[in-house]
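Q: Quick one: the structure is below, questions incoming.
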Amino acid sequence: MPPAETTTSTATGTARHETAHHETAEHRFAVGLLPLLAEADLLDSPAGWGALPTPAGAFRLEPVRPGRDLQLITRWMNDPDVADYWELAGASAVTAAHLRTQLDGDGRSIPCLGVLDGTPMSYWEIYRADLDPVSRHYPARPHDTGIHLLIGDGTNRGRGLGTTLLRAVTELVFDNRPRCTRVIAEPDIRNTPSVSAFLAAGFRYATEIELPAKRAALMIRERSLRNLL
């Protein structure tokens, strides 16, 4: 335990103690901010994008915190409709490893909860497509932003909510990432409901691409067309 500070310290000793305390506090502050600094550098900090009104309610993205969110996301990953495409069913350690790959990275992919009117109900990955291996499979542009999505509760699927949320997240990207001219996605080509939701949200089908784990539909939404859709 560090010695207690006394009231008889000299002015020099007090100043030295305060300086050391200040430097320690600054160090701790900087270390605590490292994930957000990386996030701000590569993805313009989704943590600060705020909420967007939608026909379904106020929607926002909140970066995942494993200690708080792991069990919820694990439950979603074990839904058979989700597991068919994400292939992350199993114990919480499986989900934790998937999240940790992103959280321990350089900030090029940020896992987020989608929160609708205060309720977490979807999982998102916002990523720099131009810095991702997917960029080897299509003509990427600087700052292309990719999205992965799952809606956690089956009662929220099949009624157009996915389209509403895709529109919302695309608007959040364009509003907060001024250097990004396109949002892209690569859903499994077999996942017809997902492809349909992207089309209804203003994405265009560009081509099929062969990725290591799937054959995907490359979906693109252009900033230049955002006001026409």
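Going through the structure tokens in order, the chains are called A, B, and so on, while each chain numbers its residues from 1 and the ligands are numbered from 1 in the order shown.
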May I have the residues within 12 Å of Gly160 (chain A) as a PyMOL selection string, using only C-alpha atoms and disregarding those fewer than 5 positions away in the same chain?
A: chain A and resi 55-56+151+155+165-167+193-194+196-201
Q: Those residues with N, CA and C atoms, as a short mmCIF file (atom, residue, chain, number, x, y, z; two decimals), in the first residue's frame please?
A:
data_model
loop_
_atom_site.label_atom_id
_atom_site.label_comp_id
_atom_site.auth_asym_id
_atom_site.auth_seq_id
_atom_site.Cartn_x
_atom_site.Cartn_y
_atom_site.Cartn_z
N PRO A 55 -39.11 4.48 -38.41
CA PRO A 55 -40.53 4.15 -38.21
C PRO A 55 -40.76 3.14 -37.09
N ALA A 56 -39.71 2.40 -36.70
CA ALA A 56 -39.85 1.40 -35.64
C ALA A 56 -39.44 1.94 -34.27
N ILE A 151 -30.53 -10.15 -36.67
CA ILE A 151 -31.60 -9.74 -35.77
C ILE A 151 -31.79 -10.86 -34.77
N THR A 155 -38.96 -13.09 -33.38
CA THR A 155 -40.24 -12.38 -33.54
C THR A 155 -40.06 -11.08 -34.30
N LEU A 165 -33.81 -1.17 -40.38
CA LEU A 165 -32.54 -1.02 -39.67
C LEU A 165 -31.37 -0.85 -40.63
N LEU A 166 -31.40 -1.55 -41.76
CA LEU A 166 -30.32 -1.37 -42.74
C LEU A 166 -30.30 0.06 -43.27
N ARG A 167 -31.46 0.61 -43.52
CA ARG A 167 -31.52 2.01 -43.94
C ARG A 167 -30.93 2.92 -42.86
N PRO A 193 -33.92 -13.97 -47.67
CA PRO A 193 -34.52 -12.86 -46.91
C PRO A 193 -33.53 -11.73 -46.66
N SER A 194 -32.27 -12.07 -46.39
CA SER A 194 -31.27 -11.03 -46.16
C SER A 194 -31.00 -10.23 -47.42
N SER A 196 -32.96 -9.80 -49.93
CA SER A 196 -34.16 -9.01 -50.21
C SER A 196 -34.22 -7.76 -49.33
N ALA A 197 -33.81 -7.90 -48.06
CA ALA A 197 -33.82 -6.75 -47.15
C ALA A 197 -32.84 -5.69 -47.61
N PHE A 198 -31.67 -6.11 -48.07
CA PHE A 198 -30.70 -5.14 -48.59
C PHE A 198 -31.25 -4.43 -49.82
N LEU A 199 -31.85 -5.16 -50.72
CA LEU A 199 -32.42 -4.54 -51.92
C LEU A 199 -33.48 -3.51 -51.54
N ALA A 200 -34.35 -3.86 -50.60
CA ALA A 200 -35.42 -2.95 -50.18
C ALA A 200 -34.86 -1.73 -49.46
N ALA A 201 -33.65 -1.87 -48.89
CA ALA A 201 -33.04 -0.75 -48.17
C ALA A 201 -32.22 0.15 -49.08
#
Q: Give me the region 86-138 of chain A side of the contact with region 213-220 of chain A, cut-off 12 Å, one line per residue showing its nearest atom pair and distance in Å at one decimal, counting only C-alpha atoms, sorted by chain and residue number, as a Markdown table.
A:
| residue | atom | partner | partner_atom | distance |
| --- | --- | --- | --- | --- |
| A:Trp86 | CA | A:Ala213 | CA | 9.9 |
| A:Glu87 | CA | A:Ala213 | CA | 9.8 |
| A:Ala129 | CA | A:Ile220 | CA | 11.4 |
| A:Val134 | CA | A:Leu218 | CA | 10.0 |
| A:Ser135 | CA | A:Leu218 | CA | 11.2 |
| A:His137 | CA | A:Leu218 | CA | 9.5 |
| A:Tyr138 | CA | A:Leu218 | CA | 8.4 |
Q: Could you state the separation of CA of Pro66 (chain A) and CA of Ile110 (chain A) in Å, given to one decimal place?
A: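 Computed distance, CA of Pro66 (chain A) to CA of Ile110 (chain A), equals 12.5 Å.
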Q: Go ahead and compute the interatomic distance for CA of Leu228 (chain A) and CA of Thr170 (chain A), in Å to one decimal.
A: 13.9 Å
Q: Please, what distance in Å, to one decimal, runs between CA of Leu149 (chain A) and CA of Asn227 (chain A)?
A: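 Here the two named atoms are 23.2 Å from each other.
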Q: So that I can see what lies close to region 61-64 of chain A, please list as a list of chain:residue names the residues with an atom at most 6 Å from it, counting only C-alpha atoms and leaving out residues fewer than 2 positions away in the same chain.
A: A:Ala47, A:Pro111, A:Cys112, A:Leu113, A:Gly114
Q: Extract the full set of alpha helix (DSSP H) residues from region 26-213 of chain A according to DSSP on the backbone, and format it as a VMD selection string.
A: chain A and resid 26 to 43 66 to 77 80 to 86 92 to 103 161 to 176 192 to 200
Q: For each of A:Asp84, A:Asp79, A:Val94, A:Val115, take the minimum atom-to-atom distance to Ala168 (chain A), counting only C-alpha atoms, then give the residue where this is smallest.
A: A:Val115
Q: Excluding same-chain residues fewer than 4 positions from Gly146 (chain A), what lies within 7 Å of it counting only C-alpha atoms, as a list in words?
A: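 Neighbouring residues, sequence-local ones excluded: Ile126, Tyr127, Arg128, Ala129, Val183, Ile184 and Ala185 of chain A.
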Q: For region 107-109 of chain A, please output as number ranges by chain all residues within 12 Å (counting only C-alpha atoms; exclusion window: fewer than 3 positions along the same chain).
A: A: 34-46, 63-64, 98-104, 112, 124-133, 143-148
Q: Suppose we keep C-alpha atoms; can you now write the selection as a short mmCIF file (atom, residue, chain, number, x, y, z; two decimals), in the first residue's frame?
A:
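File produced: again_0.cif:
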data_model
loop_
_atom_site.label_atom_id
_atom_site.label_comp_id
_atom_site.auth_asym_id
_atom_site.auth_seq_id
_atom_site.Cartn_x
_atom_site.Cartn_y
_atom_site.Cartn_z
CA LEU A 34 -7.02 2.83 -26.58
CA PRO A 35 -9.93 0.83 -28.06
CA LEU A 36 -11.92 4.00 -28.71
CA LEU A 37 -8.89 5.79 -30.18
CA ALA A 38 -8.37 2.95 -32.65
CA GLU A 39 -12.07 3.01 -33.38
CA ALA A 40 -12.01 6.76 -34.00
CA ASP A 41 -8.97 6.41 -36.28
CA LEU A 42 -10.36 3.81 -38.68
CA LEU A 43 -14.16 3.96 -38.33
CA ASP A 44 -14.85 7.44 -36.96
CA SER A 45 -16.05 6.05 -33.62
CA PRO A 46 -19.48 4.40 -33.91
CA PRO A 63 -20.12 -1.05 -29.21
CA VAL A 64 -20.14 -4.50 -27.60
CA HIS A 98 -15.15 -14.23 -32.35
CA LEU A 99 -15.63 -10.93 -30.52
CA ARG A 100 -12.10 -10.89 -29.17
CA THR A 101 -10.61 -11.10 -32.67
CA GLN A 102 -12.20 -7.74 -33.38
CA LEU A 103 -11.82 -6.13 -29.96
CA ASP A 104 -8.11 -6.98 -29.80
CA CYS A 112 -22.00 -3.44 -31.94
CA TRP A 124 -23.82 -5.62 -36.09
CA GLU A 125 -20.26 -5.57 -37.29
CA ILE A 126 -19.19 -2.28 -38.83
CA TYR A 127 -15.94 -2.75 -40.68
CA ARG A 128 -13.53 -1.12 -43.11
CA ALA A 129 -14.19 -3.17 -46.22
CA ASP A 130 -11.22 -1.60 -48.00
CA LEU A 131 -8.91 -2.95 -45.26
CA ASP A 132 -10.62 -6.33 -45.01
CA PRO A 133 -9.78 -9.50 -46.98
CA HIS A 143 -13.10 4.06 -46.83
CA ASP A 144 -15.68 1.59 -48.14
CA THR A 145 -17.63 0.59 -45.03
CA GLY A 146 -19.00 -2.92 -44.65
CA ILE A 147 -21.81 -4.20 -42.46
CA HIS A 148 -22.79 -7.59 -41.08
#
Q: May I ask which of the residues A:Thr163, A:Tyr85, A:Ala97, A:Ser224 is the closest one to Pro187 (chain A), counting only C-alpha atoms?
A: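 The closest residue to Pro187 (chain A) is A:Tyr85.
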